[in-house]
>>> print(open('my_file-v6.tsv').read())   # TSV, C-alpha atoms
chain	number	residue	atom	x	y	z
X	107	GLY	CA	-21.78	-182.28	-48.58
X	108	ASN	CA	-20.33	-178.81	-48.63
X	109	SER	CA	-16.74	-178.10	-49.58
X	110	VAL	CA	-14.49	-175.25	-50.63
X	111	THR	CA	-11.40	-175.56	-52.80
X	112	GLN	CA	-8.92	-172.73	-53.10
X	113	MET	CA	-5.55	-172.44	-54.75
X	114	GLU	CA	-2.64	-173.60	-52.68
X	115	GLY	CA	0.04	-171.21	-51.66
X	116	PRO	CA	2.18	-169.58	-50.89
X	117	VAL	CA	1.47	-167.00	-53.53
X	118	THR	CA	4.33	-164.52	-53.83
X	119	LEU	CA	3.84	-161.24	-55.70
X	120	SER	CA	5.58	-157.92	-56.02
X	121	GLU	CA	3.97	-154.78	-54.71
X	122	GLU	CA	1.41	-153.25	-57.11
X	123	ALA	CA	0.89	-156.56	-58.92
X	124	PHE	CA	-2.59	-157.84	-59.80
X	125	LEU	CA	-3.90	-160.56	-57.49
X	126	THR	CA	-6.26	-163.43	-58.13
X	127	ILE	CA	-6.90	-166.19	-55.61
X	128	ASN	CA	-9.18	-168.84	-57.04
X	129	CYS	CA	-12.01	-170.37	-55.04
X	130	THR	CA	-14.61	-172.91	-56.11
X	131	TYR	CA	-17.26	-174.60	-54.04
X	132	THR	CA	-19.79	-177.40	-53.85
X	133	ALA	CA	-22.85	-176.98	-51.70
X	134	THR	CA	-26.18	-178.58	-50.91
X	135	GLY	CA	-28.55	-175.68	-51.15
X	136	TYR	CA	-27.92	-172.03	-51.89
X	137	PRO	CA	-24.83	-170.82	-50.06
X	138	SER	CA	-23.60	-167.45	-48.95
X	139	LEU	CA	-19.94	-166.96	-49.82
X	140	PHE	CA	-17.20	-165.26	-47.83
X	141	TRP	CA	-13.56	-164.34	-47.83
X	142	TYR	CA	-11.86	-164.14	-44.46
X	143	VAL	CA	-8.33	-162.85	-43.87
X	144	GLN	CA	-5.87	-163.70	-41.13
X	145	TYR	CA	-3.05	-161.19	-40.69
X	146	PRO	CA	0.12	-162.40	-38.93
X	147	GLY	CA	-0.51	-162.86	-35.23
X	148	GLU	CA	-4.20	-161.97	-35.46
X	149	GLY	CA	-7.52	-163.79	-35.59
X	150	LEU	CA	-9.56	-164.29	-38.72
X	151	GLN	CA	-11.70	-161.39	-39.81
X	152	LEU	CA	-14.33	-161.04	-42.47
X	153	LEU	CA	-13.00	-159.37	-45.61
X	154	LEU	CA	-16.08	-159.48	-47.85
X	155	LYS	CA	-19.15	-161.53	-48.61
X	156	ALA	CA	-21.86	-162.15	-51.22
X	157	THR	CA	-25.20	-163.76	-50.53
X	158	LYS	CA	-26.67	-164.37	-53.98
X	159	ALA	CA	-25.64	-165.03	-57.54
X	160	ASP	CA	-23.93	-162.17	-59.40
X	161	ASP	CA	-23.46	-160.20	-56.18
X	162	LYS	CA	-20.05	-158.57	-55.83
X	163	GLY	CA	-18.49	-158.25	-52.40
X	164	SER	CA	-15.82	-155.60	-51.98
X	165	ASN	CA	-13.63	-154.20	-49.22
X	166	LYS	CA	-10.17	-152.61	-48.94
X	167	GLY	CA	-9.71	-152.78	-52.71
X	168	PHE	CA	-10.51	-156.51	-52.83
X	169	GLU	CA	-13.43	-157.82	-54.88
X	170	ALA	CA	-15.11	-161.16	-55.45
X	171	THR	CA	-18.14	-161.98	-57.58
X	172	TYR	CA	-20.55	-164.84	-56.78
X	173	ARG	CA	-20.64	-166.94	-59.97
X	174	LYS	CA	-23.29	-169.61	-59.67
X	175	GLU	CA	-22.73	-170.97	-63.17
X	176	THR	CA	-19.09	-171.76	-62.41
X	177	THR	CA	-19.57	-172.24	-58.62
X	178	SER	CA	-16.73	-169.80	-58.03
X	179	PHE	CA	-15.90	-166.81	-55.84
X	180	HIS	CA	-12.44	-165.71	-56.92
X	181	LEU	CA	-10.74	-162.96	-54.93
X	182	GLU	CA	-9.10	-160.13	-56.89
X	183	LYS	CA	-7.22	-156.93	-56.19
X	184	GLY	CA	-5.81	-154.61	-58.79
X	185	SER	CA	-2.68	-153.46	-56.95
X	186	VAL	CA	-1.48	-155.30	-53.87
X	187	GLN	CA	0.50	-153.80	-51.02
X	188	VAL	CA	2.98	-155.30	-48.57
X	189	SER	CA	0.33	-154.88	-45.88
X	190	ASP	CA	-1.92	-157.34	-47.76
X	191	SER	CA	0.42	-160.19	-46.79
X	192	ALA	CA	-1.78	-162.62	-44.89
X	193	VAL	CA	-3.61	-165.93	-45.16
X	194	TYR	CA	-6.89	-165.73	-47.09
X	195	PHE	CA	-9.72	-168.20	-46.53
X	196	CYS	CA	-12.67	-168.75	-48.82
X	197	ALA	CA	-15.78	-170.02	-47.02
X	198	LEU	CA	-19.43	-170.81	-47.51
X	199	SER	CA	-22.49	-171.07	-45.34
X	200	VAL	CA	-25.74	-172.82	-46.13
X	201	SER	CA	-28.77	-172.13	-43.96
X	202	TYR	CA	-31.08	-175.04	-43.52
X	203	SER	CA	-34.71	-174.08	-43.16
X	204	GLY	CA	-35.29	-177.11	-41.01
X	205	GLY	CA	-32.67	-176.09	-38.50
X	206	GLY	CA	-29.35	-177.77	-37.83
X	207	ALA	CA	-25.85	-176.47	-37.97
X	208	ASP	CA	-25.11	-173.78	-40.46
X	209	GLY	CA	-21.64	-172.67	-39.63
X	210	LEU	CA	-18.98	-171.87	-42.15
X	211	THR	CA	-17.16	-174.42	-44.28
X	212	PHE	CA	-13.67	-173.14	-44.99
X	213	GLY	CA	-11.08	-173.78	-47.64
X	214	LYS	CA	-7.56	-174.61	-46.58
X	215	GLY	CA	-6.34	-171.06	-46.90
X	216	THR	CA	-3.91	-169.35	-49.27
X	217	HIS	CA	-0.82	-167.70	-47.85
X	218	LEU	CA	-0.14	-164.46	-49.73
X	219	ILE	CA	3.29	-162.86	-49.56
X	220	ILE	CA	3.81	-159.41	-51.05
X	221	GLN	CA	7.39	-158.33	-51.59
X	222	PRO	CA	8.37	-154.64	-51.77
D	130	GLY	CA	-14.31	-156.61	-24.05
D	131	ALA	CA	-14.86	-155.59	-27.64
D	132	GLY	CA	-13.90	-158.87	-29.24
D	133	VAL	CA	-13.85	-162.62	-28.73
D	134	SER	CA	-11.36	-163.52	-26.03
D	135	GLN	CA	-9.65	-166.90	-25.77
D	136	SER	CA	-7.41	-168.24	-23.07
D	137	PRO	CA	-4.76	-169.36	-22.71
D	138	SER	CA	-3.09	-168.07	-25.86
D	139	ASN	CA	-0.56	-170.89	-25.70
D	140	LYS	CA	-0.70	-174.25	-23.96
D	141	VAL	CA	1.97	-176.92	-23.86
D	142	THR	CA	0.93	-180.21	-22.32
D	143	GLU	CA	2.20	-183.75	-22.04
D	144	LYS	CA	0.59	-186.57	-23.95
D	145	GLY	CA	-2.20	-188.13	-21.91
D	146	LYS	CA	-3.06	-185.01	-19.89
D	147	ASP	CA	-6.41	-183.23	-20.06
D	148	VAL	CA	-6.67	-179.59	-21.20
D	149	GLU	CA	-9.39	-176.95	-21.03
D	150	LEU	CA	-9.60	-174.07	-23.47
D	151	ARG	CA	-11.82	-171.09	-22.75
D	152	CYS	CA	-13.75	-168.74	-25.01
D	153	ASP	CA	-15.49	-165.50	-24.04
D	154	PRO	CA	-17.73	-164.48	-26.95
D	155	ILE	CA	-18.88	-160.99	-27.77
D	156	SER	CA	-21.70	-159.98	-25.45
D	157	GLY	CA	-25.10	-160.60	-27.01
D	158	HIS	CA	-23.86	-163.04	-29.63
D	159	THR	CA	-26.08	-166.11	-29.56
D	160	ALA	CA	-24.02	-168.31	-31.87
D	161	LEU	CA	-20.65	-169.73	-30.83
D	162	TYR	CA	-18.35	-171.96	-32.86
D	163	TRP	CA	-15.17	-173.88	-32.20
D	164	TYR	CA	-12.78	-174.61	-35.08
D	165	ARG	CA	-9.40	-176.31	-35.23
D	166	GLN	CA	-6.68	-174.92	-37.49
D	167	SER	CA	-3.93	-177.36	-38.35
D	168	LEU	CA	-0.97	-176.64	-40.59
D	169	GLY	CA	-1.95	-177.29	-44.18
D	170	GLN	CA	-5.46	-178.43	-43.22
D	171	GLY	CA	-7.39	-175.19	-43.06
D	172	LEU	CA	-10.15	-174.73	-40.53
D	173	GLU	CA	-11.97	-177.81	-39.28
D	174	PHE	CA	-15.40	-177.30	-37.73
D	175	LEU	CA	-15.71	-178.86	-34.27
D	176	ILE	CA	-18.89	-177.76	-32.53
D	177	TYR	CA	-21.60	-175.11	-32.73
D	178	PHE	CA	-23.85	-173.60	-30.05
D	179	GLN	CA	-26.94	-171.56	-30.90
D	180	GLY	CA	-28.75	-169.97	-28.01
D	181	ASN	CA	-30.27	-172.58	-25.71
D	182	SER	CA	-30.56	-175.24	-28.39
D	183	ALA	CA	-28.68	-178.52	-28.17
D	184	PRO	CA	-25.22	-178.05	-29.66
D	185	ASP	CA	-24.20	-179.54	-32.99
D	186	LYS	CA	-21.30	-181.81	-32.08
D	187	SER	CA	-20.94	-183.38	-35.51
D	188	GLY	CA	-17.41	-182.04	-36.04
D	189	LEU	CA	-15.83	-183.37	-32.86
D	190	PRO	CA	-13.11	-185.82	-33.97
D	191	SER	CA	-13.42	-188.25	-31.07
D	192	ASP	CA	-15.11	-188.78	-27.73
D	193	ARG	CA	-12.05	-187.30	-26.04
D	194	PHE	CA	-13.35	-183.90	-27.16
D	195	SER	CA	-16.25	-182.17	-25.44
D	196	ALA	CA	-17.50	-178.63	-25.04
D	197	GLU	CA	-20.03	-176.78	-22.99
D	198	ARG	CA	-21.45	-173.31	-22.91
D	199	THR	CA	-22.63	-172.04	-19.57
D	200	GLY	CA	-25.43	-169.49	-19.35
D	201	GLY	CA	-25.35	-168.97	-23.08
D	202	SER	CA	-22.05	-167.09	-22.83
D	203	VAL	CA	-18.63	-168.51	-21.92
D	204	SER	CA	-17.63	-171.78	-23.56
D	205	THR	CA	-15.04	-174.37	-22.56
D	206	LEU	CA	-13.54	-176.93	-24.93
D	207	THR	CA	-12.08	-179.93	-23.10
D	208	ILE	CA	-9.69	-182.45	-24.60
D	209	GLN	CA	-9.10	-185.53	-22.49
D	210	ARG	CA	-6.04	-187.76	-22.72
D	211	THR	CA	-4.39	-185.50	-25.27
D	212	GLN	CA	-2.51	-186.98	-28.20
D	213	GLN	CA	0.20	-185.45	-30.35
D	214	GLU	CA	-2.20	-185.17	-33.28
D	215	ASP	CA	-4.32	-182.82	-31.17
D	216	SER	CA	-1.61	-180.16	-31.56
D	217	ALA	CA	-3.20	-177.27	-33.45
D	218	VAL	CA	-4.62	-173.78	-33.01
D	219	TYR	CA	-8.12	-173.91	-31.58
D	220	LEU	CA	-10.27	-170.98	-32.70
D	221	CYS	CA	-13.48	-169.74	-31.21
D	222	ALA	CA	-15.92	-167.50	-33.06
D	223	SER	CA	-19.23	-165.89	-32.24
D	224	SER	CA	-21.93	-164.20	-34.26
D	225	LEU	CA	-25.19	-162.38	-33.68
D	226	ALA	CA	-27.18	-164.93	-35.61
D	227	ARG	CA	-26.67	-167.73	-38.06
D	228	ALA	CA	-23.43	-167.55	-40.01
D	229	GLY	CA	-25.14	-166.94	-43.32
D	230	ASN	CA	-26.75	-163.77	-42.05
D	231	SER	CA	-24.08	-162.22	-39.84
D	232	PRO	CA	-20.30	-162.40	-39.89
D	233	LEU	CA	-18.28	-164.55	-37.52
D	234	HIS	CA	-15.98	-162.75	-35.14
D	235	PHE	CA	-12.93	-164.84	-34.30
D	236	GLY	CA	-10.67	-164.85	-31.29
D	237	ASN	CA	-6.91	-165.06	-31.69
D	238	GLY	CA	-6.97	-168.74	-30.82
D	239	THR	CA	-5.23	-171.06	-28.40
D	240	ARG	CA	-2.12	-172.76	-29.73
D	241	LEU	CA	-2.00	-176.23	-28.22
D	242	THR	CA	1.20	-178.25	-28.32
D	243	VAL	CA	1.15	-181.83	-27.08
D	244	THR	CA	4.60	-183.21	-26.37
>>> encode(input="my_file-v6.tsv", output="structure tokens")
Amino acid sequence: GNSVTQMEGPVTLSEEAFLTINCTYTATGYPSLFWYVQYPGEGLQLLLKATKADDKGSNKGFEATYRKETTSFHLEKGSVQVSDSAVYFCALSVSYSGGGADGLTFGKGTHLIIQP
Amino acid sequence: GAGVSQSPSNKVTEKGKDVELRCDPISGHTALYWYRQSLGQGLEFLIYFQGNSAPDKSGLPSDRFSAERTGGSVSTLTIQRTQQEDSAVYLCASSLARAGNSPLHFGNGTRLTVT
């Protein structure tokens, strides 16, 4: 089956620190990979995605590279801000050519806290 | 509206009662998903609707859970004879096409508390 494993939180950093949130996956087939973010009091929203090996997704200073050899999609940001405090979810989707459900499989989420 | 709308935003109910949760997807989105978000458990897939096809109910945790989507738009998730372990945030999402090809747009969820 499909599964996503991401580092447990909370992760607490100071402003301007370097961020890495690890994510690894197992999948039947060739997945697309995503990071979603949930800001306090809001719904989940797509942060970035990558659909094939070696692709790099980027948005709002965040980056993640699709590493097929290590089945990983780690999220990084060079200098975090207080406004980045949120819960981050790694997810994958596998499309089945024969039909069937192909929704997202999510990790458990990593709560990121940035202190000023 | 511009986004996915869910109602109610909060629901408190007594154990054993039935509840209905509503989701209004973004207009034109053919795919609709229900997820459950429990503390420390991440997002659990419940059910998926794609156009007029039969829904994928493989994630529903028990036969007390059911969902329908009328006219390919609004969806209702029904939980019968609620139990305390049903307490969670229930999230609805919609997308233009299959999740691998277009992003999911989530509502703010319904927080269900079963007392």
>>> atom_distance(input="my_file-v6.tsv", atom1="CA of Thr118 in chain X", atom2="CA of Ser191 in chain X")
9.1 Å
>>> closest_residue(input="my_file-v6.tsv", among="D:Asn139, D:Ser195, D:Ser204, D:Gln179", to="chain X", atoms="all atoms listed in the file")
D:Gln179
>>> interface_residues(input="my_file-v6.tsv", of="chain D", to="chain X", cutoff="10 Å", atoms="all atoms listed in the file", output="number ranges by chain")
D: 133, 160-164, 166-174, 176-179, 182-187, 220-222, 227-230, 232-238
>>> residues_around(input="my_file-v6.tsv", residues="Thr205 in chain D", least_positions_apart="6", cutoff="7 Å", atoms="only C-alpha atoms", output="list in words")
Glu149, Leu150, Arg151, Cys152, Ala196, Glu197 and Arg198 of chain D
>>> atom_distance(input="my_file-v6.tsv", atom1="CA of Asp153 in chain D", atom2="CA of Ser202 in chain D")
6.9 Å
>>> atom_distance(input="my_file-v6.tsv", atom1="CA of Gly167 in chain X", atom2="CA of Ser185 in chain X")
8.2 Å
>>> closest_residue(input="my_file-v6.tsv", among="X:Ala123, X:Val117, X:Val186, X:Ile219", to="Phe168 in chain X", atoms="all atoms listed in the file")
X:Val186
>>> residues_around(input="my_file-v6.tsv", residues="Gln209 in chain D", least_positions_apart="6", cutoff="12 Å", atoms="all atoms listed in the file", output="number ranges by chain")
D: 142-150, 191-196, 215, 243
>>> residues_around(input="my_file-v6.tsv", residues="Glu169 in chain X", least_positions_apart="2", cutoff="6 Å", atoms="all atoms listed in the file", output="list in words")
Gly163, Ser164, Leu181 and Glu182 of chain X
>>> write_last_selection(input="my_file-v6.tsv", atoms="C-alpha atoms", output="compact mmCIF listing (two decimals), in the coordinates of the input")
# COMPACT_ATOMS: atom_id res chain seq x y z
CA GLY X 163 -18.49 -158.25 -52.40
CA SER X 164 -15.82 -155.60 -51.98
CA LEU X 181 -10.74 -162.96 -54.93
CA GLU X 182 -9.10 -160.13 -56.89
>>> closest_residue(input="my_file-v6.tsv", among="X:Asp161, X:Gly107, X:Glu121, X:Lys166", to="Gly135 in chain X", atoms="only C-alpha atoms")
X:Gly107
>>> axis_aligned_box(input="my_file-v6.tsv", around="range 129-143 of chain X", padding_each_side="6 Å", output="lines of an AutoDock Vina configuration file")
center_x = -18.4
center_y = -170.7
center_z = -50.0
size_x = 32.2
size_y = 27.7
size_z = 24.2
>>> residues_around(input="my_file-v6.tsv", residues="Ala192 in chain X", least_positions_apart="5", cutoff="6 Å", atoms="all atoms listed in the file", output="PDB file with C-alpha atoms, in the coordinates of the input")
ATOM      1  CA  GLN X 144      -5.870-163.700 -41.130  1.00  0.00           C
ATOM      2  CA  TYR X 145      -3.050-161.190 -40.690  1.00  0.00           C
ATOM      3  CA  HIS X 217      -0.820-167.700 -47.850  1.00  0.00           C
ATOM      4  CA  LEU X 218      -0.140-164.460 -49.730  1.00  0.00           C
TER       5      LEU X 218
END
